[in-house]
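The file entry_37.txt contains compact mmCIF, C-alpha atoms and all ligand atoms:
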# COMPACT_ATOMS: atom_id res chain seq x y z
CA MET A 1 42.38 80.71 108.73
CA ARG A 2 44.51 83.07 106.71
CA THR A 3 42.22 83.22 103.69
CA TYR A 4 41.84 87.03 103.75
CA THR A 5 44.41 89.79 103.46
CA ARG A 6 42.63 92.23 105.72
CA LEU A 7 42.88 96.01 105.74
CA PRO A 8 44.01 97.67 109.00
CA LEU A 9 40.49 98.54 110.17
CA ARG A 10 38.07 97.03 112.67
CA LEU A 11 34.62 98.46 112.00
CA ILE A 12 32.11 98.25 114.81
CA LYS A 13 29.15 100.44 113.90
CA GLY A 14 27.30 101.72 110.84
CA LYS A 15 24.46 104.06 109.93
CA GLY A 16 23.36 104.84 106.39
CA CYS A 17 26.49 105.33 104.25
CA TRP A 18 28.78 105.74 107.27
CA VAL A 19 30.79 103.30 109.40
CA TRP A 20 32.84 103.80 112.57
CA ASP A 21 35.98 102.05 113.83
CA GLU A 22 37.01 101.24 117.41
CA GLN A 23 38.55 104.70 117.86
CA ASN A 24 35.22 106.22 116.79
CA THR A 25 36.69 107.46 113.50
CA LYS A 26 33.95 107.83 110.90
CA TYR A 27 34.38 106.63 107.30
CA LEU A 28 32.24 107.14 104.20
CA ASP A 29 31.47 103.63 102.99
CA ALA A 30 31.54 103.26 99.19
CA VAL A 31 32.11 99.50 99.55
CA ALA A 32 28.85 98.63 101.37
CA GLY A 33 29.88 95.05 102.13
CA ILE A 34 30.92 94.81 98.45
CA ALA A 35 27.63 95.85 96.93
CA THR A 36 25.44 94.16 99.50
CA CYS A 37 24.17 96.83 101.92
CA THR A 38 21.58 98.13 99.48
CA LEU A 39 19.69 100.22 102.06
CA GLY A 40 22.87 101.26 103.89
CA HIS A 41 23.76 100.26 107.44
CA SER A 42 21.23 99.91 110.29
CA ASP A 43 18.23 100.69 108.11
CA LYS A 44 15.19 101.25 110.30
CA ALA A 45 12.69 99.41 108.06
CA LEU A 46 14.98 96.39 107.81
CA GLU A 47 15.59 96.39 111.54
CA LEU A 48 11.86 96.50 112.35
CA SER A 49 10.83 93.84 109.88
CA LEU A 50 13.64 91.47 110.91
CA ARG A 51 12.87 91.94 114.60
CA ARG A 52 9.26 91.07 113.85
CA GLN A 53 10.35 88.06 111.79
CA LEU A 54 12.63 86.79 114.58
CA LYS A 55 9.72 86.95 116.98
CA THR A 56 7.47 85.08 114.53
CA LEU A 57 9.53 82.42 112.76
CA GLN A 58 13.24 82.34 112.00
CA HIS A 59 13.88 79.04 110.26
CA ILE A 60 12.02 75.85 109.42
CA SER A 61 12.92 73.76 106.39
CA ASN A 62 12.11 73.35 102.73
CA LEU A 63 10.25 70.22 103.83
CA TYR A 64 7.36 72.67 104.30
CA HIS A 65 5.75 75.54 102.40
CA ILE A 66 7.34 78.83 103.47
CA LYS A 67 5.14 81.92 103.20
CA GLU A 68 7.97 84.49 103.07
CA GLN A 69 9.74 82.46 100.35
CA GLU A 70 6.54 82.32 98.27
CA ASP A 71 6.01 86.07 98.65
CA LEU A 72 9.60 86.83 97.62
CA ALA A 73 9.44 84.43 94.66
CA GLU A 74 6.19 86.05 93.57
CA TRP A 75 7.76 89.50 93.74
CA LEU A 76 10.83 88.40 91.78
CA VAL A 77 8.80 86.67 89.07
CA ASP A 78 6.52 89.70 88.81
CA LYS A 79 9.41 92.15 88.46
CA SER A 80 11.70 90.16 86.13
CA CYS A 81 11.61 87.99 83.02
CA ALA A 82 11.77 84.82 85.17
CA ASP A 83 8.96 82.34 85.80
CA SER A 84 10.36 80.47 88.80
CA VAL A 85 13.00 80.74 91.50
CA PHE A 86 15.30 78.51 93.57
CA PHE A 87 16.70 80.08 96.73
CA CYS A 88 20.16 79.53 98.19
CA ASN A 89 22.55 81.55 100.36
CA SER A 90 25.21 83.19 98.17
CA GLY A 91 26.30 84.12 94.68
CA ALA A 92 28.59 81.13 94.23
CA GLU A 93 25.78 78.79 95.29
CA ALA A 94 23.38 80.42 92.85
CA ASN A 95 25.90 79.93 90.02
CA GLU A 96 26.60 76.38 91.15
CA ALA A 97 22.87 75.69 90.80
CA ALA A 98 22.86 77.38 87.37
CA ILE A 99 25.74 75.15 86.24
CA LYS A 100 23.90 72.01 87.38
CA LEU A 101 20.80 73.23 85.58
CA ALA A 102 22.83 73.88 82.39
CA ARG A 103 24.27 70.36 82.53
CA LYS A 104 20.83 68.81 82.91
CA TYR A 105 19.43 71.00 80.12
CA GLY A 106 22.32 69.84 77.90
CA HIS A 107 21.60 66.18 78.58
CA LYS A 108 17.80 66.24 78.52
CA LYS A 109 16.98 68.89 75.96
CA ARG A 110 19.87 68.66 73.53
CA GLY A 111 21.13 65.11 74.06
CA ILE A 112 24.70 66.19 74.81
CA LYS A 113 26.87 63.59 76.60
CA LYS A 114 29.45 66.06 77.94
CA PRO A 115 27.85 69.52 77.89
CA ILE A 116 30.17 72.50 77.49
CA ILE A 117 29.51 75.87 79.13
CA LEU A 118 31.10 78.96 77.60
CA SER A 119 32.28 81.69 79.97
CA ALA A 120 34.07 85.01 79.56
CA LYS A 121 37.69 85.77 80.26
CA SER A 122 38.11 88.11 83.27
CA SER A 123 34.75 86.92 84.63
CA PHE A 124 34.06 86.12 88.27
CA HIS A 125 31.42 83.61 89.31
CA GLY A 126 32.43 82.63 92.87
CA ARG A 127 34.65 80.27 94.83
CA THR A 128 32.95 76.87 94.95
CA LEU A 129 34.75 74.40 92.71
CA ALA A 130 32.31 74.63 89.79
CA ALA A 131 31.88 78.41 90.12
CA VAL A 132 35.63 78.95 90.25
CA SER A 133 36.06 76.63 87.25
CA ALA A 134 33.57 78.88 85.41
CA THR A 135 35.59 81.94 86.42
CA GLY A 136 37.80 83.24 83.61
CA GLN A 137 40.73 84.33 85.76
CA PRO A 138 43.61 81.83 86.12
CA LYS A 139 44.74 83.40 89.43
CA TYR A 140 41.66 81.89 91.11
CA HIS A 141 42.42 78.42 89.67
CA LYS A 142 46.00 78.17 90.91
CA ASP A 143 46.58 75.09 93.13
CA PHE A 144 42.97 73.87 92.88
CA ASP A 145 43.22 71.53 89.93
CA PRO A 146 41.74 69.30 88.78
CA LEU A 147 39.02 71.84 88.12
CA VAL A 148 35.49 70.95 87.09
CA GLU A 149 35.68 70.12 83.38
CA GLY A 150 33.51 71.43 80.58
CA PHE A 151 34.23 75.18 80.55
CA LYS A 152 35.66 77.11 77.59
CA PHE A 153 36.49 80.80 77.61
CA PHE A 154 35.99 83.69 75.20
CA PRO A 155 37.05 87.37 75.34
CA TYR A 156 34.27 89.52 76.87
CA ASN A 157 32.24 91.56 74.36
CA ASP A 158 33.80 89.66 71.40
CA ILE A 159 30.91 88.24 69.34
CA ASN A 160 33.07 86.99 66.45
CA PHE A 161 35.08 84.82 68.81
CA ILE A 162 31.92 83.24 70.26
CA GLU A 163 30.39 82.76 66.83
CA ASN A 164 33.52 80.86 65.74
CA ILE A 165 33.55 78.64 68.85
CA ILE A 166 29.87 77.82 68.38
CA THR A 167 30.30 77.08 64.67
CA ASN A 168 33.25 74.79 65.38
CA LEU A 169 31.84 72.98 68.40
CA GLU A 170 28.29 72.57 67.10
CA LYS A 171 29.39 71.54 63.59
CA SER A 172 28.90 67.80 63.83
CA GLN A 173 26.73 67.43 66.95
CA PRO A 174 25.21 69.53 69.77
CA SER A 175 27.83 70.21 72.44
CA ILE A 176 27.29 73.62 74.09
CA SER A 177 24.54 73.72 76.70
CA ALA A 178 24.95 77.26 78.04
CA ILE A 179 26.80 80.56 78.10
CA ILE A 180 27.32 82.19 81.49
CA ILE A 181 28.16 85.89 81.51
CA GLU A 182 27.93 89.04 83.65
CA PRO A 183 26.09 92.01 82.07
CA LEU A 184 28.89 94.15 83.54
CA GLN A 185 32.03 92.44 84.81
CA GLY A 186 32.38 93.52 88.44
CA GLU A 187 35.44 91.83 89.95
CA GLY A 188 36.99 91.72 86.47
CA GLY A 189 37.33 95.53 86.42
CA VAL A 190 33.89 97.24 86.33
CA ASN A 191 33.68 96.49 82.62
CA PRO A 192 30.22 97.14 81.11
CA GLY A 193 28.75 94.79 78.52
CA ASN A 194 28.27 96.08 75.00
CA ARG A 195 24.61 96.26 73.91
CA ASN A 196 25.24 95.06 70.33
CA PHE A 197 27.31 92.18 71.64
CA PHE A 198 24.49 91.05 73.93
CA LEU A 199 21.82 91.44 71.23
CA LYS A 200 23.83 89.19 68.92
CA LEU A 201 24.62 86.79 71.74
CA ARG A 202 20.89 86.43 72.41
CA GLU A 203 20.29 85.68 68.70
CA LEU A 204 23.05 83.06 68.63
CA CYS A 205 21.70 81.37 71.77
CA ASN A 206 18.18 81.29 70.30
CA LYS A 207 19.43 79.86 67.02
CA HIS A 208 21.41 77.04 68.66
CA GLU A 209 19.11 76.43 71.68
CA ILE A 210 21.94 77.37 74.04
CA LEU A 211 20.86 78.64 77.46
CA LEU A 212 21.88 82.22 78.15
CA ILE A 213 22.72 82.54 81.86
CA LEU A 214 23.34 86.02 83.22
CA ASP A 215 25.28 86.30 86.46
CA GLU A 216 23.57 89.27 88.13
CA VAL A 217 25.09 88.61 91.54
CA GLN A 218 26.78 92.02 91.60
CA THR A 219 24.63 93.93 89.08
CA GLY A 220 21.13 92.89 90.15
CA VAL A 221 18.59 94.50 92.52
CA GLY A 222 18.90 98.10 91.36
CA ARG A 223 22.67 98.47 91.44
CA CYS A 224 22.82 99.57 87.77
CA GLY A 225 19.86 101.98 87.99
CA THR A 226 17.48 99.33 86.59
CA TRP A 227 16.20 96.35 88.56
CA TRP A 228 18.40 93.99 86.53
CA GLY A 229 21.64 94.50 84.60
CA TYR A 230 20.17 92.67 81.59
CA GLU A 231 17.87 95.67 81.03
CA LYS A 232 20.98 97.78 80.33
CA VAL A 233 21.99 95.52 77.43
CA GLY A 234 18.47 95.16 76.02
CA ILE A 235 17.97 91.40 76.30
CA GLU A 236 16.26 88.83 78.49
CA PRO A 237 18.28 85.83 79.71
CA ASP A 238 16.87 82.29 80.03
CA VAL A 239 18.42 82.02 83.47
CA PHE A 240 19.92 84.55 85.88
CA THR A 241 21.47 84.50 89.31
CA VAL A 242 21.33 87.10 92.09
CA ALA A 243 22.72 87.41 95.62
CA LYS A 244 24.75 90.29 97.14
CA GLY A 245 22.30 93.25 97.21
CA LEU A 246 19.16 91.10 97.48
CA GLY A 247 19.32 90.66 101.25
CA GLY A 248 20.61 94.17 102.06
CA GLY A 249 23.55 92.63 103.97
CA HIS A 250 21.90 89.32 104.90
CA PRO A 251 22.93 86.15 103.05
CA ILE A 252 20.53 85.05 100.35
CA GLY A 253 21.03 84.00 96.73
CA ALA A 254 18.65 82.96 93.99
CA LEU A 255 18.57 81.15 90.68
CA LEU A 256 15.82 82.47 88.42
CA VAL A 257 14.64 80.71 85.27
CA LYS A 258 12.22 81.20 82.43
CA GLU A 259 9.81 78.38 81.69
CA ASN A 260 11.96 77.05 78.80
CA ALA A 261 14.86 76.55 81.24
CA ASP A 262 12.90 75.13 84.16
CA PHE A 263 14.62 71.74 84.10
CA LEU A 264 15.24 70.99 87.77
CA GLU A 265 12.87 68.46 89.31
CA PRO A 266 12.13 67.36 92.89
CA GLY A 267 15.31 65.90 94.41
CA ASP A 268 17.69 67.53 91.88
CA HIS A 269 18.90 70.34 94.12
CA ALA A 270 18.39 71.60 97.68
CA SER A 271 19.70 73.80 100.46
CA THR A 272 19.04 73.55 104.20
CA PHE A 273 19.04 77.30 104.76
CA GLY A 274 18.04 78.36 101.22
CA GLY A 275 14.94 80.55 101.25
CA ASN A 276 14.50 80.51 105.02
CA PRO A 277 11.86 82.89 106.44
CA PHE A 278 14.42 85.31 107.95
CA ALA A 279 16.51 85.69 104.77
CA CYS A 280 13.40 86.02 102.60
CA ARG A 281 11.94 88.62 104.94
CA ALA A 282 15.20 90.60 104.62
CA ALA A 283 15.04 90.44 100.81
CA LEU A 284 11.32 91.25 100.69
CA THR A 285 11.92 94.30 102.86
CA VAL A 286 14.84 95.43 100.69
CA VAL A 287 12.90 95.22 97.41
CA LYS A 288 9.72 96.76 98.87
CA GLU A 289 11.73 99.63 100.40
CA ILE A 290 13.45 100.25 97.04
CA GLU A 291 9.97 100.61 95.53
CA ARG A 292 8.40 102.61 98.37
CA ARG A 293 11.27 105.08 98.66
CA LYS A 294 11.78 105.31 94.86
CA ILE A 295 15.41 104.33 95.36
CA LEU A 296 16.02 103.52 91.67
CA GLU A 297 15.43 107.21 90.91
CA ASN A 298 18.05 108.05 93.51
CA VAL A 299 20.49 105.55 91.96
CA ASN A 300 20.15 107.26 88.57
CA ALA A 301 20.40 110.82 89.94
CA ARG A 302 23.40 110.03 92.15
CA SER A 303 24.97 108.05 89.33
CA SER A 304 24.90 111.09 86.98
CA GLN A 305 26.42 113.22 89.72
CA LEU A 306 29.13 110.63 90.43
CA VAL A 307 29.90 110.06 86.74
CA ASN A 308 30.30 113.82 86.15
CA GLY A 309 32.56 114.08 89.19
CA LEU A 310 34.65 111.16 87.95
CA ILE A 311 35.04 112.83 84.55
CA ASP A 312 36.41 115.90 86.38
CA LEU A 313 38.77 113.66 88.36
CA HIS A 314 39.99 112.11 85.10
CA LYS A 315 40.72 115.63 83.81
CA ALA A 316 42.52 116.52 87.04
CA PHE A 317 44.73 113.38 87.01
CA PRO A 318 45.22 112.50 83.33
CA ASN A 319 48.60 110.87 83.95
CA ASN A 320 47.24 108.32 86.41
CA ILE A 321 43.67 107.77 85.23
CA LYS A 322 43.01 106.04 81.91
CA GLU A 323 39.21 106.13 82.03
CA THR A 324 36.18 105.98 84.29
CA ARG A 325 33.30 103.61 83.59
CA GLY A 326 30.27 101.88 85.04
CA TRP A 327 26.49 101.89 85.31
CA GLY A 328 24.32 103.30 88.07
CA LEU A 329 26.07 102.98 91.41
CA ILE A 330 28.76 100.56 90.31
CA GLN A 331 31.49 102.83 89.02
CA GLY A 332 35.18 102.29 88.38
CA ILE A 333 38.31 104.35 87.89
CA VAL A 334 40.76 102.61 85.57
CA LEU A 335 44.41 103.43 86.25
CA ARG A 336 46.91 103.69 83.42
CA GLU A 337 48.90 100.48 82.91
CA GLU A 338 52.13 102.46 82.76
CA THR A 339 51.73 104.04 86.22
CA LYS A 340 53.39 102.22 89.12
CA ILE A 341 50.37 102.89 91.31
CA THR A 342 47.94 100.05 91.94
CA SER A 343 44.33 100.17 93.06
CA TYR A 344 45.49 98.58 96.35
CA ASP A 345 47.74 101.62 97.04
CA ILE A 346 44.76 103.88 96.45
CA VAL A 347 42.40 101.86 98.66
CA ASN A 348 44.95 102.14 101.50
CA GLU A 349 45.45 105.88 101.02
CA ALA A 350 41.67 106.40 100.87
CA ILE A 351 41.36 104.89 104.36
CA LYS A 352 43.62 107.71 105.60
CA GLN A 353 41.20 110.13 103.90
CA LYS A 354 38.31 108.36 105.73
CA LEU A 355 36.88 106.83 102.61
CA LEU A 356 36.24 103.13 101.92
CA ILE A 357 36.57 101.98 98.30
CA VAL A 358 37.46 98.56 96.88
CA ALA A 359 39.79 97.28 94.16
CA ALA A 360 38.51 95.33 91.15
CA GLY A 361 41.86 93.90 90.11
CA PRO A 362 45.20 95.72 90.37
CA LYS A 363 44.33 98.64 88.12
CA VAL A 364 40.65 99.41 88.79
CA ILE A 365 39.18 101.21 91.80
CA ARG A 366 35.54 100.31 92.39
CA MET A 367 32.77 102.28 94.11
CA VAL A 368 29.58 100.45 95.09
CA PRO A 369 27.98 102.64 97.79
CA PRO A 370 24.57 101.94 99.36
CA LEU A 371 21.81 102.77 96.88
CA ILE A 372 20.42 105.35 99.34
CA ILE A 373 23.53 107.56 99.11
CA LYS A 374 22.62 111.28 99.25
CA LYS A 375 23.74 114.20 97.09
CA ASN A 376 26.03 115.70 99.75
CA GLU A 377 27.53 112.24 100.41
CA VAL A 378 28.44 111.83 96.71
CA ASN A 379 30.15 115.25 96.96
CA ILE A 380 32.11 114.07 100.01
CA LEU A 381 33.01 110.85 98.15
CA LEU A 382 34.37 112.89 95.23
CA GLU A 383 36.27 115.30 97.52
CA ARG A 384 37.89 112.40 99.38
CA LEU A 385 38.76 110.64 96.12
CA TYR A 386 40.41 113.88 94.96
CA SER A 387 42.46 114.17 98.18
CA THR A 388 43.42 110.49 97.85
CA LEU A 389 44.57 110.72 94.23
CA LYS A 390 46.43 114.00 94.95
CA GLU A 391 48.78 112.04 97.22
CA PHE A 392 50.07 110.14 94.14
CA ILE A 393 51.04 113.08 91.93
C1 LIG B 401 29.40 88.41 89.47
C2 LIG B 401 29.63 87.61 90.72
N1 LIG B 401 29.25 86.33 90.76
C3 LIG B 401 29.41 85.57 91.87
C4 LIG B 401 30.01 86.09 93.00
C5 LIG B 401 30.18 85.22 94.21
O1 LIG B 401 29.28 85.61 95.17
P1 LIG B 401 29.45 85.10 96.69
O2 LIG B 401 30.70 85.73 97.22
O3 LIG B 401 28.20 85.55 97.37
O4 LIG B 401 29.56 83.62 96.63
C6 LIG B 401 30.44 87.43 92.99
C7 LIG B 401 31.11 87.99 94.17
O5 LIG B 401 31.82 88.95 94.10
C8 LIG B 401 30.24 88.20 91.82
O6 LIG B 401 30.63 89.47 91.77
Rendering of file as structure tokens:
Amino acid sequence: MRTYTRLPLRLIKGKGCWVWDEQNTKYLDAVAGIATCTLGHSDKALELSLRRQLKTLQHISNLYHIKEQEDLAEWLVDKSCADSVFFCNSGAEANEAAIKLARKYGHKKRGIKKPIILSAKSSFHGRTLAAVSATGQPKYHKDFDPLVEGFKFFPYNDINFIENIITNLEKSQPSISAIIIEPLQGEGGVNPGNRNFFLKLRELCNKHEILLILDEVQTGVGRCGTWWGYEKVGIEPDVFTVAKGLGGGHPIGALLVKENADFLEPGDHASTFGGNPFACRAALTVVKEIERRKILENVNARSSQLVNGLIDLHKAFPNNIKETRGWGLIQGIVLREETKITSYDIVNEAIKQKLLIVAAGPKVIRMVPPLIIKKNEVNILLERLYSTLKEFI
């Protein structure tokens, strides 16, 4: 179907941070499957462990206990604030599960008949009907009404606005069951969360017994230089969702909850493929390799290098670049509103310079390379970005 506007490239091979097209042209990949190929392409450890897993057991069913799923859940619970995990196959599915959980929490814990979930403007939570209804960007809603009801939106990082909504809506009776929010808005323009905002948000949620759900689909699993994006804003959520980078390019998503939010019971939710041995083996290998190879240290070192390079680019192109921003290895270049150039123009030009980058809206260029990117590769990324931007002066 014609659901994608595709770029003029057919990629057939990858290794590390590099991909090749049919003509054998080599590109530096700062898209990495949109923040999924954590260990880069064709990682040896991933290849070996998945081969072994295919020979042992690929898929059974959640009718049975699954060893790889238990091991992955144990790792996730050990390395995060969560106490239990539900596995699914994508980010949208993980958020869909979080929304169901929030509804049930609203009914059972707070006695709300029609629970409301607050979500941020410019957010992105996925494309299933509930996830897209939770997404604060009208362009994704167009033609799909009636949307799932029960969502209200607030401006990102605006605590006064949220405080007012909560005061108004909770005045006479409980009505808000949850707030869903990204620690850094990815698709919405690589927009980092403000620490003070999140600290106050946590306080408000505690005070009113509102579940705080963090969508870590794009920010989780080391992308920000910490295991989880919530560490960057100094809080712990009640619930968080992950996907993208968890499987290193293989589909897997997860809903993680603290004990106080563990409201789903047998029969409430399920997935045929969720948490299958192959997907869990992929994720286990990814997280264990991040630990073994000290990849978070690399994320932070390469991030400093990239951030400094982006500051230089800003100085070199002050008329086109408004600012650069991000955490770890999710970095964005924000174009000035008044320039005619869009991020899509730049993505297309970058392909000519043998560099893959991705837009986050019409005015933000996003870089989300594999977390294993090397020092010389960051230099090449910056050189190619410079050559790309030079074409627009
Ligand atoms: C923050 C966030 N949530 C949810 C999603 C949806 O994930 P998926 O495409 O795996 O359904 C995305 C995808 O870009 C995302 O960035």
Residues of chain A at most 10 Å from ligand LIG 401 (chain B): nearest atom pair and distance in Å, all atoms listed in the file, as a Markdown table:
| residue | atom | partner | partner_atom | distance |
| --- | --- | --- | --- | --- |
| A:Ile34 | CA | B:LIG401 | O5 | 7.4 |
| A:Ala35 | CA | B:LIG401 | O5 | 8.6 |
| A:Thr36 | CA | B:LIG401 | O3 | 9.3 |
| A:Asn89 | CA | B:LIG401 | O3 | 7.5 |
| A:Ser90 | CA | B:LIG401 | O3 | 3.9 |
| A:Gly91 | CA | B:LIG401 | O1 | 3.4 |
| A:Ala92 | CA | B:LIG401 | O4 | 3.6 |
| A:Glu93 | CA | B:LIG401 | O4 | 6.3 |
| A:Ala94 | CA | B:LIG401 | O4 | 7.9 |
| A:Asn95 | CA | B:LIG401 | C3 | 6.9 |
| A:Glu96 | CA | B:LIG401 | O4 | 9.6 |
| A:Ser123 | CA | B:LIG401 | C1 | 7.4 |
| A:Phe124 | CA | B:LIG401 | C2 | 5.3 |
| A:His125 | CA | B:LIG401 | N1 | 3.8 |
| A:Gly126 | CA | B:LIG401 | C5 | 3.7 |
| A:Arg127 | CA | B:LIG401 | O4 | 6.4 |
| A:Thr128 | CA | B:LIG401 | O4 | 7.7 |
| A:Ala131 | CA | B:LIG401 | C3 | 7.8 |
| A:Val132 | CA | B:LIG401 | C5 | 9.2 |
| A:Thr135 | CA | B:LIG401 | N1 | 8.8 |
| A:Ile181 | CA | B:LIG401 | C1 | 8.4 |
| A:Glu182 | CA | B:LIG401 | C1 | 6.0 |
| A:Pro183 | CA | B:LIG401 | C1 | 8.9 |
| A:Leu184 | CA | B:LIG401 | C1 | 8.3 |
| A:Gln185 | CA | B:LIG401 | C1 | 6.7 |
| A:Gly186 | CA | B:LIG401 | O6 | 5.5 |
| A:Glu187 | CA | B:LIG401 | O6 | 5.7 |
| A:Gly188 | CA | B:LIG401 | O6 | 8.6 |
| A:Leu214 | CA | B:LIG401 | C1 | 9.0 |
| A:Asp215 | CA | B:LIG401 | C1 | 5.5 |
| A:Glu216 | CA | B:LIG401 | C1 | 6.0 |
| A:Val217 | CA | B:LIG401 | C2 | 4.7 |
| A:Gln218 | CA | B:LIG401 | O6 | 4.6 |
| A:Thr219 | CA | B:LIG401 | C1 | 7.3 |
| A:Gly220 | CA | B:LIG401 | C1 | 9.4 |
| A:Thr241 | CA | B:LIG401 | N1 | 8.1 |
| A:Val242 | CA | B:LIG401 | N1 | 8.1 |
| A:Ala243 | CA | B:LIG401 | O3 | 6.0 |
| A:Lys244 | CA | B:LIG401 | O3 | 5.9 |
| A:Gly245 | CA | B:LIG401 | O3 | 9.7 |
| A:Pro251 | CA | B:LIG401 | O3 | 7.8 |
| A:Ile252 | CA | B:LIG401 | O3 | 8.2 |
| A:Gly253 | CA | B:LIG401 | O3 | 7.4 |
| A:Ala360 | CA | B:LIG401 | O5 | 9.7 |
Which polymer residues have any atom within 6 Å of an atom of stretch 38-46 of chain A, counting all atoms listed in the file, with same-chain residues fewer than 5 positions away left out, as JSON, numbers by chain? {"A": [14, 15, 16, 17, 245, 248, 370, 371, 372]}
Gap from atom CA of A:Val221 to atom CA of A:Ser49 - Å, one decimal: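 Value for the atom CA of A:Val221-atom CA of A:Ser49 distance: 19.0 Å.
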Selection: 12 Å around A:Ile159, all atoms listed in the file, excl. self and same-chain fewer than 6 positions, as a list of chain:residue names: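 Everything that qualifies: A:Ala120, A:Ile165, A:Ile166, A:Gly193, A:Asn194, A:Arg195, A:Asn196, A:Phe197, A:Phe198, A:Leu199, A:Lys200, A:Leu201, A:Arg202, A:Glu203, A:Leu204, A:Cys205.
Atom CA of A:Gln53 lies 7.1 Å from atom CA of A:Arg281.
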Atom CA of A:Val364 and atom CA of A:Val334 are how many Å apart?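 Between atom CA of A:Val364 and atom CA of A:Val334 the gap is 4.5 Å.
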Reconstruct N, CA and C atoms of stretch 220-232 of chain A; output as an mmCIF file, in the frame of the given file.
data_model
loop_
_atom_site.group_PDB
_atom_site.id
_atom_site.type_symbol
_atom_site.label_atom_id
_atom_site.label_comp_id
_atom_site.auth_asym_id
_atom_site.auth_seq_id
_atom_site.Cartn_x
_atom_site.Cartn_y
_atom_site.Cartn_z
ATOM 1 N N GLY A 220 22.579 92.946 89.966
ATOM 2 C CA GLY A 220 21.130 92.890 90.150
ATOM 3 C C GLY A 220 20.609 93.757 91.292
ATOM 4 N N VAL A 221 19.288 93.803 91.432
ATOM 5 C CA VAL A 221 18.590 94.500 92.520
ATOM 6 C C VAL A 221 18.901 96.004 92.565
ATOM 7 N N GLY A 222 18.839 96.644 91.395
ATOM 8 C CA GLY A 222 18.900 98.100 91.360
ATOM 9 C C GLY A 222 20.277 98.720 91.263
ATOM 10 N N ARG A 223 21.300 97.936 91.396
ATOM 11 C CA ARG A 223 22.670 98.470 91.440
ATOM 12 C C ARG A 223 22.999 99.312 90.194
ATOM 13 N N CYS A 224 22.486 98.891 89.034
ATOM 14 C CA CYS A 224 22.820 99.570 87.770
ATOM 15 C C CYS A 224 21.826 100.677 87.408
ATOM 16 N N GLY A 225 20.871 100.952 88.288
ATOM 17 C CA GLY A 225 19.860 101.980 87.990
ATOM 18 C C GLY A 225 18.614 101.381 87.352
ATOM 19 N N THR A 226 18.651 100.103 87.032
ATOM 20 C CA THR A 226 17.480 99.330 86.590
ATOM 21 C C THR A 226 17.403 98.158 87.559
ATOM 22 N N TRP A 227 16.261 97.466 87.607
ATOM 23 C CA TRP A 227 16.200 96.350 88.560
ATOM 24 C C TRP A 227 17.276 95.318 88.255
ATOM 25 N N TRP A 228 17.470 95.042 86.929
ATOM 26 C CA TRP A 228 18.400 93.990 86.530
ATOM 27 C C TRP A 228 19.382 94.532 85.510
ATOM 28 N N GLY A 229 20.612 94.051 85.545
ATOM 29 C CA GLY A 229 21.640 94.500 84.600
ATOM 30 C C GLY A 229 21.271 94.155 83.165
ATOM 31 N N TYR A 230 20.500 93.068 82.966
ATOM 32 C CA TYR A 230 20.170 92.670 81.590
ATOM 33 C C TYR A 230 19.349 93.742 80.874
ATOM 34 N N GLU A 231 18.634 94.584 81.650
ATOM 35 C CA GLU A 231 17.870 95.670 81.030
ATOM 36 C C GLU A 231 18.808 96.675 80.353
ATOM 37 N N LYS A 232 20.015 96.825 80.894
ATOM 38 C CA LYS A 232 20.980 97.780 80.330
ATOM 39 C C LYS A 232 21.485 97.331 78.963
#
